[in-house]
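Novice: Below is data21.cif; it holds mmCIF, C-alpha atoms (C1' of nucleotides).
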data_data
#
loop_
_atom_site.label_atom_id
_atom_site.label_comp_id
_atom_site.auth_asym_id
_atom_site.auth_seq_id
_atom_site.Cartn_x
_atom_site.Cartn_y
_atom_site.Cartn_z
CA MET F 1 -49.63 3.35 -62.23
CA ALA F 2 -47.75 0.13 -62.90
CA ASP F 3 -50.83 -1.95 -63.57
CA VAL F 4 -49.60 -4.39 -66.14
CA ASN F 5 -47.34 -6.69 -64.24
CA VAL F 6 -45.21 -7.38 -67.24
CA SER F 7 -42.25 -8.37 -65.14
CA THR F 8 -43.80 -11.70 -64.32
CA LEU F 9 -44.78 -12.71 -67.84
CA PRO F 10 -42.66 -15.59 -69.09
CA ILE F 11 -40.46 -15.15 -72.12
CA SER F 12 -40.73 -18.77 -73.21
CA PRO F 13 -41.61 -19.62 -76.82
CA LYS F 14 -44.95 -20.80 -78.21
CA GLY F 15 -46.29 -20.89 -81.74
CA ALA F 16 -48.56 -18.69 -83.87
CA GLY F 17 -47.48 -15.17 -83.16
CA LYS F 18 -46.16 -13.78 -86.43
CA ALA F 19 -47.37 -14.76 -89.90
CA ASP F 20 -47.66 -11.46 -91.77
CA ASP F 21 -44.15 -10.13 -91.37
CA SER F 22 -43.20 -10.92 -94.92
CA GLN F 23 -44.59 -8.30 -97.31
CA GLY F 24 -44.52 -4.50 -97.22
CA ASN F 25 -45.68 -3.81 -93.74
CA GLU F 26 -42.65 -1.74 -92.79
CA GLY F 27 -41.65 -4.29 -90.16
CA ILE F 28 -44.72 -3.52 -88.09
CA PRO F 29 -46.96 -6.55 -87.66
CA ALA F 30 -50.67 -5.78 -87.61
CA VAL F 31 -51.04 -7.46 -84.25
CA GLU F 32 -49.04 -4.62 -82.71
CA LEU F 33 -51.40 -2.07 -84.22
CA ILE F 34 -54.37 -4.07 -83.00
CA GLU F 35 -53.09 -3.92 -79.46
CA LEU F 36 -52.06 -0.29 -79.64
CA LEU F 37 -55.47 0.68 -80.96
CA PHE F 38 -57.07 -1.27 -78.12
CA PHE F 39 -55.06 0.52 -75.45
CA ALA F 40 -55.26 3.91 -77.18
CA TYR F 41 -59.02 3.74 -77.41
CA ARG F 42 -59.34 2.65 -73.83
CA ASP F 43 -57.39 5.64 -72.59
CA PHE F 44 -59.18 7.91 -75.06
CA VAL F 45 -62.62 7.07 -73.68
CA GLY F 46 -61.21 6.90 -70.18
CA ASP F 47 -60.67 10.65 -70.24
CA ALA F 48 -64.37 11.22 -70.54
CA ASP F 49 -65.48 8.38 -68.29
CA GLU F 50 -64.14 10.09 -65.21
CA LEU F 51 -65.98 13.34 -65.79
CA LEU F 52 -69.18 11.53 -66.76
CA ALA F 53 -69.09 9.29 -63.71
CA ARG F 54 -69.08 12.34 -61.45
CA LEU F 55 -72.40 13.35 -63.03
CA GLY F 56 -73.85 9.85 -62.82
CA PHE F 57 -73.64 9.41 -66.56
CA GLY F 58 -72.06 6.80 -68.77
CA ARG F 59 -70.72 6.53 -72.28
CA ALA F 60 -74.19 6.33 -73.73
CA HIS F 61 -74.94 9.78 -72.36
CA HIS F 62 -71.65 11.03 -73.76
CA ARG F 63 -72.49 9.94 -77.26
CA VAL F 64 -75.92 11.52 -77.14
CA VAL F 65 -74.70 14.84 -75.80
CA HIS F 66 -71.85 14.90 -78.27
CA PHE F 67 -73.89 14.28 -81.38
CA VAL F 68 -76.79 16.50 -80.36
CA ASN F 69 -74.34 19.28 -79.68
CA ARG F 70 -72.75 18.78 -83.06
CA HIS F 71 -76.10 18.54 -84.85
CA PRO F 72 -78.56 20.75 -83.07
CA GLY F 73 -82.12 20.07 -84.11
CA MET F 74 -81.46 16.50 -85.17
CA ARG F 75 -84.35 14.11 -84.95
CA VAL F 76 -84.46 11.09 -82.67
CA ALA F 77 -84.42 8.86 -85.73
CA ASP F 78 -81.24 10.53 -86.95
CA LEU F 79 -79.57 9.96 -83.61
CA LEU F 80 -80.57 6.31 -83.66
CA ALA F 81 -79.08 5.97 -87.13
CA VAL F 82 -75.80 7.54 -86.11
CA LEU F 83 -75.43 5.54 -82.92
CA LYS F 84 -76.80 2.37 -84.45
CA ILE F 85 -78.70 1.45 -81.33
CA THR F 86 -82.37 0.80 -80.80
CA LYS F 87 -85.06 3.24 -79.81
CA GLN F 88 -85.50 1.39 -76.54
CA SER F 89 -81.81 1.61 -75.69
CA LEU F 90 -81.78 5.32 -76.37
CA GLY F 91 -84.96 5.81 -74.36
CA ARG F 92 -83.65 5.73 -70.84
CA VAL F 93 -80.49 7.68 -71.62
CA LEU F 94 -82.35 10.41 -73.44
CA ARG F 95 -84.95 10.68 -70.70
CA GLU F 96 -82.26 11.09 -68.06
CA LEU F 97 -80.54 13.79 -70.07
CA VAL F 98 -83.80 15.65 -70.64
CA ASP F 99 -84.90 15.28 -67.02
CA ASN F 100 -81.60 16.65 -65.79
CA GLY F 101 -81.64 19.61 -68.12
CA TYR F 102 -78.86 18.63 -70.52
CA ILE F 103 -81.02 18.10 -73.60
CA GLN F 104 -84.13 19.91 -74.81
CA GLN F 105 -86.76 18.62 -77.18
CA LYS F 106 -88.92 20.74 -79.49
CA ALA F 107 -91.65 19.64 -81.84
CA GLY F 108 -90.73 20.04 -85.50
CA ASP F 109 -92.07 23.03 -87.36
CA THR F 110 -93.39 21.31 -90.42
CA ASP F 111 -93.84 17.88 -88.87
CA ARG F 112 -95.00 18.11 -85.30
CA ARG F 113 -94.47 14.40 -84.69
CA GLU F 114 -90.75 15.04 -84.67
CA ARG F 115 -89.04 15.85 -81.37
CA LEU F 116 -86.01 17.81 -82.48
CA LEU F 117 -83.08 17.54 -80.10
CA TYR F 118 -81.05 20.45 -78.81
CA VAL F 119 -78.43 20.77 -76.09
CA ALA F 120 -79.47 22.98 -73.22
CA PRO F 121 -76.76 25.30 -71.84
CA LYS F 122 -75.79 22.60 -69.35
CA GLY F 123 -75.48 20.07 -72.14
CA GLU F 124 -73.46 22.41 -74.29
CA GLU F 125 -71.05 23.01 -71.45
CA LEU F 126 -70.70 19.29 -70.81
CA ALA F 127 -70.08 18.62 -74.49
CA ARG F 128 -67.49 21.36 -74.55
CA GLN F 129 -65.66 19.90 -71.55
CA LEU F 130 -65.67 16.41 -73.02
CA VAL F 131 -64.31 17.59 -76.35
CA ALA F 132 -61.69 19.63 -74.51
CA LEU F 133 -60.48 16.57 -72.62
CA GLN F 134 -60.07 14.48 -75.72
CA THR F 135 -58.67 17.39 -77.70
CA ARG F 136 -55.92 17.62 -75.14
CA ARG F 137 -55.02 13.98 -75.70
CA PHE F 138 -54.83 14.46 -79.46
CA ALA F 139 -52.80 17.63 -79.03
CA ARG F 140 -50.29 15.86 -76.82
CA ALA F 141 -50.04 12.96 -79.24
CA PHE F 142 -49.41 15.13 -82.29
CA ASN F 143 -46.97 17.22 -80.37
CA GLU F 144 -44.96 14.05 -79.85
CA CYS F 145 -45.38 12.87 -83.43
CA GLY F 146 -44.18 15.96 -85.21
CA PRO F 147 -45.59 17.99 -88.08
CA GLY F 148 -47.90 16.37 -90.57
CA ALA F 149 -48.99 13.72 -88.11
CA ARG F 150 -52.41 15.24 -87.64
CA ALA F 151 -53.25 15.08 -91.32
CA GLU F 152 -51.79 11.59 -91.55
CA ALA F 153 -53.86 10.45 -88.59
CA ARG F 154 -56.99 11.91 -90.08
CA LYS F 155 -56.45 9.96 -93.30
CA PHE F 156 -55.61 6.81 -91.39
CA LEU F 157 -58.68 6.97 -89.16
CA ALA F 158 -60.98 7.64 -92.09
CA SER F 159 -59.46 4.69 -93.93
CA MET F 160 -60.17 2.42 -91.00
CA ILE F 161 -63.90 3.05 -91.34
CA ASP F 162 -65.95 0.65 -93.42
CA PRO F 163 -65.80 1.88 -97.01
CA GLU F 164 -69.59 1.80 -97.24
CA SER F 165 -70.10 4.13 -94.32
CA ARG F 166 -67.11 6.35 -94.85
CA GLU F 167 -68.84 8.83 -97.11
CA GLU F 168 -71.70 9.19 -94.70
CA VAL F 169 -69.35 9.81 -91.81
CA GLU F 170 -67.51 12.45 -93.80
CA ARG F 171 -70.81 14.10 -94.70
CA LEU F 172 -71.85 13.97 -91.07
CA ILE F 173 -68.65 15.68 -90.03
CA SER F 174 -68.76 18.39 -92.65
CA ARG F 175 -72.39 19.16 -91.89
CA ALA F 176 -71.56 19.50 -88.24
CA ASN F 177 -68.60 21.73 -89.02
CA ALA F 178 -70.80 23.89 -91.26
CA LYS F 179 -72.99 24.65 -88.28
CA LYS F 180 -70.07 26.23 -86.47
CA MET V 1 -75.95 0.33 -96.05
CA ALA V 2 -77.04 3.97 -95.87
CA ASP V 3 -77.77 3.96 -92.16
CA VAL V 4 -77.02 7.51 -91.22
CA ASN V 5 -79.86 9.52 -92.63
CA VAL V 6 -77.74 12.58 -93.07
CA SER V 7 -80.03 13.98 -95.72
CA THR V 8 -82.56 14.97 -93.11
CA LEU V 9 -80.20 16.70 -90.74
CA PRO V 10 -80.74 20.45 -90.72
CA ILE V 11 -77.97 22.81 -91.77
CA SER V 12 -79.08 25.62 -89.51
CA PRO V 13 -76.54 27.34 -87.25
CA LYS V 14 -76.03 26.93 -83.51
CA GLY V 15 -73.12 27.85 -81.28
CA ALA V 16 -70.18 26.00 -79.73
CA GLY V 17 -68.78 23.89 -82.51
CA LYS V 18 -65.31 25.20 -83.23
CA ALA V 19 -63.00 26.75 -80.65
CA ASP V 20 -59.59 25.22 -81.40
CA ASP V 21 -59.17 26.09 -85.04
CA SER V 22 -56.63 28.79 -84.38
CA GLN V 23 -53.19 27.30 -83.68
CA GLY V 24 -51.16 24.70 -85.56
CA ASN V 25 -53.66 21.95 -86.04
CA GLU V 26 -53.27 21.79 -89.79
CA GLY V 27 -56.85 22.90 -90.29
CA ILE V 28 -58.17 19.70 -88.75
CA PRO V 29 -60.22 20.34 -85.62
CA ALA V 30 -59.86 17.73 -82.91
CA VAL V 31 -63.58 17.13 -82.89
CA GLU V 32 -63.24 15.56 -86.34
CA LEU V 33 -60.59 13.21 -85.06
CA ILE V 34 -62.72 12.36 -82.07
CA GLU V 35 -65.57 11.33 -84.32
CA LEU V 36 -63.39 9.49 -86.79
CA LEU V 37 -61.78 7.52 -83.98
CA PHE V 38 -65.22 6.67 -82.65
CA PHE V 39 -66.42 5.34 -85.98
CA ALA V 40 -63.11 3.68 -86.83
CA TYR V 41 -63.02 1.80 -83.56
CA ARG V 42 -66.61 0.73 -83.93
CA ASP V 43 -65.95 -0.82 -87.32
CA PHE V 44 -62.65 -2.24 -86.09
CA VAL V 45 -64.27 -4.22 -83.30
CA GLY V 46 -67.28 -4.93 -85.50
CA ASP V 47 -65.13 -7.19 -87.66
CA ALA V 48 -64.61 -9.49 -84.73
CA ASP V 49 -68.06 -9.18 -83.22
CA GLU V 50 -69.66 -11.01 -86.09
CA LEU V 51 -67.39 -14.02 -85.88
CA LEU V 52 -67.61 -14.12 -82.10
CA ALA V 53 -71.39 -13.91 -82.10
CA ARG V 54 -71.57 -17.06 -84.20
CA LEU V 55 -69.71 -18.87 -81.42
CA GLY V 56 -71.84 -17.36 -78.66
CA PHE V 57 -68.95 -15.24 -77.47
CA GLY V 58 -68.56 -11.51 -76.90
CA ARG V 59 -65.78 -8.98 -76.77
CA ALA V 60 -64.70 -10.10 -73.35
CA HIS V 61 -63.94 -13.56 -74.75
CA HIS V 62 -62.07 -11.95 -77.63
CA ARG V 63 -59.75 -10.06 -75.33
CA VAL V 64 -58.99 -13.13 -73.26
CA VAL V 65 -58.27 -15.35 -76.24
CA HIS V 66 -56.17 -12.66 -77.85
CA PHE V 67 -53.93 -11.96 -74.90
CA VAL V 68 -53.57 -15.58 -73.83
CA ASN V 69 -52.58 -16.44 -77.39
CA ARG V 70 -50.02 -13.65 -77.41
CA HIS V 71 -48.69 -14.53 -73.96
CA PRO V 72 -48.96 -18.27 -73.53
CA GLY V 73 -48.46 -19.31 -69.95
CA MET V 74 -49.54 -16.00 -68.50
CA ARG V 75 -51.05 -16.06 -65.05
CA VAL V 76 -54.60 -15.10 -64.24
CA ALA V 77 -53.29 -12.12 -62.28
CA ASP V 78 -51.37 -10.94 -65.34
CA LEU V 79 -54.46 -11.14 -67.47
CA LEU V 80 -56.44 -9.16 -64.92
CA ALA V 81 -53.74 -6.48 -64.91
CA VAL V 82 -53.75 -6.20 -68.70
CA LEU V 83 -57.49 -6.08 -69.04
CA LYS V 84 -57.99 -3.96 -65.93
CA ILE V 85 -61.09 -5.83 -64.87
CA THR V 86 -61.89 -7.71 -61.69
CA LYS V 87 -61.36 -11.36 -60.96
CA GLN V 88 -65.12 -11.84 -60.76
CA SER V 89 -65.69 -10.29 -64.17
CA LEU V 90 -63.05 -12.49 -65.74
CA GLY V 91 -64.45 -15.52 -63.97
CA ARG V 92 -67.44 -16.32 -66.13
CA VAL V 93 -65.70 -15.54 -69.40
CA LEU V 94 -62.68 -17.63 -68.56
CA ARG V 95 -64.82 -20.54 -67.38
CA GLU V 96 -66.79 -20.52 -70.63
CA LEU V 97 -63.62 -20.50 -72.68
CA VAL V 98 -62.14 -23.34 -70.65
CA ASP V 99 -65.37 -25.36 -70.70
CA ASN V 100 -65.62 -25.03 -74.46
CA GLY V 101 -62.03 -26.04 -75.05
CA TYR V 102 -60.57 -22.72 -76.17
CA ILE V 103 -58.30 -22.14 -73.19
CA GLN V 104 -56.30 -24.57 -71.06
CA GLN V 105 -55.04 -24.08 -67.56
CA LYS V 106 -51.96 -25.67 -66.05
CA ALA V 107 -50.58 -25.38 -62.55
CA GLY V 108 -47.30 -23.50 -62.38
CA ASP V 109 -44.08 -25.47 -62.12
CA THR V 110 -42.46 -23.64 -59.27
CA ASP V 111 -45.62 -22.20 -57.77
CA ARG V 112 -48.48 -24.64 -57.98
CA ARG V 113 -51.06 -22.06 -56.90
CA GLU V 114 -50.74 -20.41 -60.28
CA ARG V 115 -53.06 -21.47 -63.08
CA LEU V 116 -51.06 -20.67 -66.17
CA LEU V 117 -53.20 -19.95 -69.20
CA TYR V 118 -52.68 -21.41 -72.65
CA VAL V 119 -54.75 -21.40 -75.79
CA ALA V 120 -55.93 -24.84 -76.85
CA PRO V 121 -55.78 -25.56 -80.61
CA LYS V 122 -59.35 -24.28 -80.94
CA GLY V 123 -58.43 -21.07 -79.15
CA GLU V 124 -55.31 -20.59 -81.22
CA GLU V 125 -57.33 -20.96 -84.39
CA LEU V 126 -59.92 -18.49 -83.17
CA ALA V 127 -57.25 -15.98 -82.20
CA ARG V 128 -55.67 -16.41 -85.61
CA GLN V 129 -58.94 -15.74 -87.38
CA LEU V 130 -59.66 -12.67 -85.29
CA VAL V 131 -56.24 -11.21 -85.92
CA ALA V 132 -56.61 -11.99 -89.62
CA LEU V 133 -59.87 -10.07 -89.80
CA GLN V 134 -58.45 -6.97 -88.19
CA THR V 135 -55.18 -7.30 -90.07
CA ARG V 136 -57.17 -7.08 -93.28
CA ARG V 137 -58.72 -3.81 -92.16
CA PHE V 138 -55.33 -2.32 -91.36
CA ALA V 139 -53.91 -3.56 -94.64
CA ARG V 140 -56.72 -1.96 -96.59
CA ALA V 141 -56.33 1.30 -94.71
CA PHE V 142 -52.58 1.55 -95.27
CA ASN V 143 -53.00 0.59 -98.87
CA GLU V 144 -55.19 3.66 -99.22
CA CYS V 145 -52.89 5.89 -97.22
CA GLY V 146 -49.69 5.24 -99.07
CA PRO V 147 -46.16 4.37 -97.93
CA GLY V 148 -45.02 5.34 -94.49
CA ALA V 149 -48.54 5.45 -93.13
CA ARG V 150 -48.09 2.27 -91.14
CA ALA V 151 -45.14 3.60 -89.22
CA GLU V 152 -46.89 6.94 -88.75
CA ALA V 153 -49.98 5.20 -87.43
CA ARG V 154 -47.94 3.15 -85.03
CA LYS V 155 -46.37 6.25 -83.59
CA PHE V 156 -49.70 8.02 -83.43
CA LEU V 157 -51.47 5.17 -81.65
CA ALA V 158 -48.67 4.78 -79.14
CA SER V 159 -48.78 8.51 -78.45
CA MET V 160 -52.49 8.33 -77.74
CA ILE V 161 -51.88 5.97 -74.83
CA ASP V 162 -51.50 7.46 -71.36
CA PRO V 163 -47.84 8.34 -70.93
CA GLU V 164 -47.70 6.39 -67.67
CA SER V 165 -48.82 3.14 -69.25
CA ARG V 166 -47.12 3.53 -72.60
CA GLU V 167 -43.88 1.89 -71.60
CA GLU V 168 -45.68 -1.06 -70.15
CA VAL V 169 -47.74 -1.52 -73.28
CA GLU V 170 -44.60 -1.40 -75.41
CA ARG V 171 -42.96 -3.96 -73.15
CA LEU V 172 -46.04 -6.12 -73.36
CA ILE V 173 -45.94 -5.99 -77.15
CA SER V 174 -42.25 -6.71 -77.47
CA ARG V 175 -42.46 -9.63 -75.06
CA ALA V 176 -45.30 -11.09 -77.06
CA ASN V 177 -43.39 -10.62 -80.29
CA ALA V 178 -40.35 -12.27 -78.75
CA LYS V 179 -42.40 -15.43 -78.23
CA LYS V 180 -42.97 -15.66 -81.97
"C1'" DG Q 1 -112.31 11.95 -94.89
"C1'" DA Q 2 -110.88 7.32 -93.74
"C1'" DA Q 3 -106.96 4.39 -93.90
"C1'" DA Q 4 -102.17 3.69 -93.81
"C1'" DA Q 5 -97.71 5.05 -92.73
"C1'" DT Q 6 -94.47 7.43 -89.81
"C1'" DA Q 7 -92.10 9.51 -85.45
"C1'" DA Q 8 -91.68 8.83 -81.03
"C1'" DG Q 9 -92.35 6.76 -76.62
"C1'" DT Q 10 -93.17 2.85 -73.53
"C1'" DC Q 11 -93.63 -1.88 -71.19
"C1'" DA Q 12 -91.62 -6.26 -70.42
"C1'" DA Q 13 -88.24 -9.63 -70.68
"C1'" DT Q 14 -83.45 -10.88 -71.60
"C1'" DA Q 15 -78.26 -10.76 -72.28
"C1'" DT Q 16 -73.66 -9.07 -71.55
"C1'" DG Q 17 -70.13 -7.36 -69.09
"C1'" DG Q 18 -68.82 -4.79 -65.75
"C1'" DC Q 19 -68.80 -3.86 -60.34
"C1'" DT Q 20 -68.42 -4.71 -54.81
"C1'" DG Q 21 -68.13 -7.54 -50.78
"C1'" DA Q 22 -67.44 -11.78 -48.55
"C1'" DC Q 23 -65.56 -16.08 -48.21
"C1'" DG Q 24 -62.93 -20.57 -49.21
"C1'" DT Q 25 -58.97 -23.35 -50.53
"C1'" DA Q 26 -54.54 -24.46 -51.62
"C1'" DA Q 27 -49.87 -23.38 -51.59
"C1'" DA Q 28 -45.91 -20.61 -50.54
"C1'" DC Q 29 -43.36 -17.78 -47.44
"C1'" DG Q 30 -41.09 -16.47 -43.29
"C1'" DC D 1 -47.10 -22.39 -37.57
"C1'" DG D 2 -49.17 -18.27 -38.98
"C1'" DT D 3 -49.59 -15.01 -42.74
"C1'" DT D 4 -49.81 -13.90 -47.30
"C1'" DT D 5 -50.72 -14.95 -52.02
"C1'" DA D 6 -53.22 -16.90 -56.18
"C1'" DC D 7 -57.26 -18.28 -57.57
"C1'" DG D 8 -62.06 -19.29 -57.50
"C1'" DT D 9 -66.82 -18.55 -56.30
"C1'" DC D 10 -71.33 -17.00 -54.22
"C1'" DA D 11 -74.58 -13.29 -54.12
"C1'" DG D 12 -76.25 -9.07 -55.52
"C1'" DC D 13 -76.12 -4.85 -58.14
"C1'" DC D 14 -75.67 -1.62 -62.22
"C1'" DA D 15 -75.26 0.06 -67.11
"C1'" DT D 16 -76.07 -0.76 -71.62
"C1'" DA D 17 -77.66 -3.13 -75.03
"C1'" DT D 18 -81.20 -6.37 -77.29
"C1'" DT D 19 -86.21 -8.04 -79.25
"C1'" DG D 20 -91.11 -7.78 -79.55
"C1'" DA D 21 -95.41 -5.69 -78.82
"C1'" DC D 22 -98.05 -1.83 -78.21
"C1'" DT D 23 -99.77 3.31 -77.81
"C1'" DT D 24 -100.17 8.05 -79.24
"C1'" DA D 25 -99.95 11.72 -82.24
"C1'" DT D 26 -99.52 13.25 -86.67
"C1'" DT D 27 -98.85 13.19 -91.56
"C1'" DT D 28 -99.59 11.14 -95.94
"C1'" DT D 29 -102.08 8.70 -99.22
"C1'" DC D 30 -105.88 7.03 -101.66
#
Any chance you could give the structure as structure tokens?
Specialist:
Amino acid sequence: MADVNVSTLPISPKGAGKADDSQGNEGIPAVELIELLFFAYRDFVGDADELLARLGFGRAHHRVVHFVNRHPGMRVADLLAVLKITKQSLGRVLRELVDNGYIQQKAGDTDRRERLLYVAPKGEELARQLVALQTRRFARAFNECGPGARAEARKFLASMIDPESREEVERLISRANAKK
Amino acid sequence: MADVNVSTLPISPKGAGKADDSQGNEGIPAVELIELLFFAYRDFVGDADELLARLGFGRAHHRVVHFVNRHPGMRVADLLAVLKITKQSLGRVLRELVDNGYIQQKAGDTDRRERLLYVAPKGEELARQLVALQTRRFARAFNECGPGARAEARKFLASMIDPESREEVERLISRANAKK
DNA sequence: GAAAATAAGTCAATATGGCTGACGTAAACG
DNA sequence: CGTTTACGTCAGCCATATTGACTTATTTTC
């Protein structure tokens, strides 16, 4: 898949490339990390895109199925808060998932205004497949990186999150894990 | 900014959460990494989004300015290959950047069909600011992670890229670095 | 018990950033 | 000279997001 036709890029000089190579950055300029993260993320989501496209879904559907699977019984408002999108944006995606039998809604016990969200068997299976795809990518990466890399990566990724939201994300993750 | 209303999420059980906690994954299920990468990338691009929005630009403009700045004199076809989008998609974005004086085009010396792309001073400054923003995030993260984390992260990110494109990405990066 | 607040859904309009297909122009190649 | 290449552009479509206004059902509050 030789897509990037690097062979034709010129090698000529031109200013403003470096700048932060001086202090303790282990000889790795941030701009390299920026680009690697860009390409890594693209391939990471690309795994799922293929499978989703076959079902007529997009990334928005992926996010909904993923988080509902991880937090069964979450409210619509919770989902909006996690995804940081608007009610209107969620609307179509959620409707499609419900109509096609991937997500179920149930009125809340104590507050019947709430429509609690659950994955239907179809949705659970889809979520499982999507996680499996991306799990495989992580497994391959850590296999190449050697022992300890997984823990290091976990710390690194958490540190990349805005400090203000980091605690919430960690709470979100541990709550989801607690649900087994 | 307590956006994720975690406090209201139920703690009740429900199947299909774990599955890969058995073998050598250092007690860190991949699903955690999946979510951390999702949130990390969102905040990572969020840095830039704010600045871009003030200029009436989006992420597409960001990518163009970034890569043209890193590879001055690259051809339109090269840019398309890197971004993996179509000529038509690039069209509007590139025109806006040229019209607003961020990008310059020059006919190729030996092949005058080529429109070689260069950042104008305005574009170079914008690229610099965008890199600076994201550099700050990386710096903060590695400061929290301790020594060696930068090199570990570099290896990890590279390993997350599709094996078939990894070499090309590395070549792309080293060519850009060579231009200083 | 009436009024206010809340949870969710919906309609309409708009923006962004992708896509495909078709076509045009200029220049290079053979 | 004819073909291919590099680039641009027109037209239309789709997915995902936005804002603002409004409805419905229900709960909370006074």
Novice: Please identify all polymer residues within 12 Å of DC29 in chain Q, counting all atoms listed in the file, omitting same-chain residues fewer than 2 positions from it, and present them as a PyMOL selection string.
Specialist: (chain V and resi 111) or (chain Q and resi 27) or (chain D and resi 1-5)
Novice: Residues of chain V within 8 Å of chain D, using only C-alpha atoms (C1' of nucleotides), as number ranges by chain?
Specialist: V: 76-77, 91, 113-115
Novice: Report, in Å to a single decimal, how far apart CA of Gln134 in chain F and CA of Gln104 in chain F are.
Specialist: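 So the two atoms, CA of Gln104 in chain F and CA of Gln134 in chain F, lie 24.7 Å apart.
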Novice: Once the PyMOL selection byres ((chain V) within 10 of (chain Q)) has been evaluated on this model, what residues remain selected, and can you format them as JSON, numbers by chain?
Specialist: {"V": [57, 58, 59, 60, 85, 86, 88, 89, 90, 92, 93, 110, 111, 112, 113, 114]}
Novice: In Å to one decimal, how far is CA of Val169 in chain V from CA of Ala107 in chain V?
Specialist: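 CA of Ala107 in chain V sits 26.3 Å away from CA of Val169 in chain V.
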Novice: Where does the PyMOL selection byres ((chain V and resi 132) around 10) land in this file, that is, which residues does it pick, as a list in words?
Specialist: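 Against this file, the PyMOL selection byres ((chain V and resi 132) around 10) returns the residues Ala19, Asp20, Ala30 and Val31 of chain F; Asp47, Ala48, Leu126, Ala127, Arg128, Gln129, Leu130, Val131, Leu133, Gln134, Thr135, Arg136, Arg137 and Phe138 of chain V.
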Novice: Generate a file of the selected residues that holds C-alpha atoms, formatted as a PDB file, in the coordinates of the input.
Specialist:
ATOM      1  CA  ALA F  19     -47.370 -14.760 -89.900  1.00  0.00           C
ATOM      2  CA  ASP F  20     -47.660 -11.460 -91.770  1.00  0.00           C
ATOM      3  CA  ALA F  30     -50.670  -5.780 -87.610  1.00  0.00           C
ATOM      4  CA  VAL F  31     -51.040  -7.460 -84.250  1.00  0.00           C
TER       5      VAL F  31
ATOM      6  CA  ASP V  47     -65.130  -7.190 -87.660  1.00  0.00           C
ATOM      7  CA  ALA V  48     -64.610  -9.490 -84.730  1.00  0.00           C
ATOM      8  CA  LEU V 126     -59.920 -18.490 -83.170  1.00  0.00           C
ATOM      9  CA  ALA V 127     -57.250 -15.980 -82.200  1.00  0.00           C
ATOM     10  CA  ARG V 128     -55.670 -16.410 -85.610  1.00  0.00           C
ATOM     11  CA  GLN V 129     -58.940 -15.740 -87.380  1.00  0.00           C
ATOM     12  CA  LEU V 130     -59.660 -12.670 -85.290  1.00  0.00           C
ATOM     13  CA  VAL V 131     -56.240 -11.210 -85.920  1.00  0.00           C
ATOM     14  CA  LEU V 133     -59.870 -10.070 -89.800  1.00  0.00           C
ATOM     15  CA  GLN V 134     -58.450  -6.970 -88.190  1.00  0.00           C
ATOM     16  CA  THR V 135     -55.180  -7.300 -90.070  1.00  0.00           C
ATOM     17  CA  ARG V 136     -57.170  -7.080 -93.280  1.00  0.00           C
ATOM     18  CA  ARG V 137     -58.720  -3.810 -92.160  1.00  0.00           C
ATOM     19  CA  PHE V 138     -55.330  -2.320 -91.360  1.00  0.00           C
TER      20      PHE V 138
END
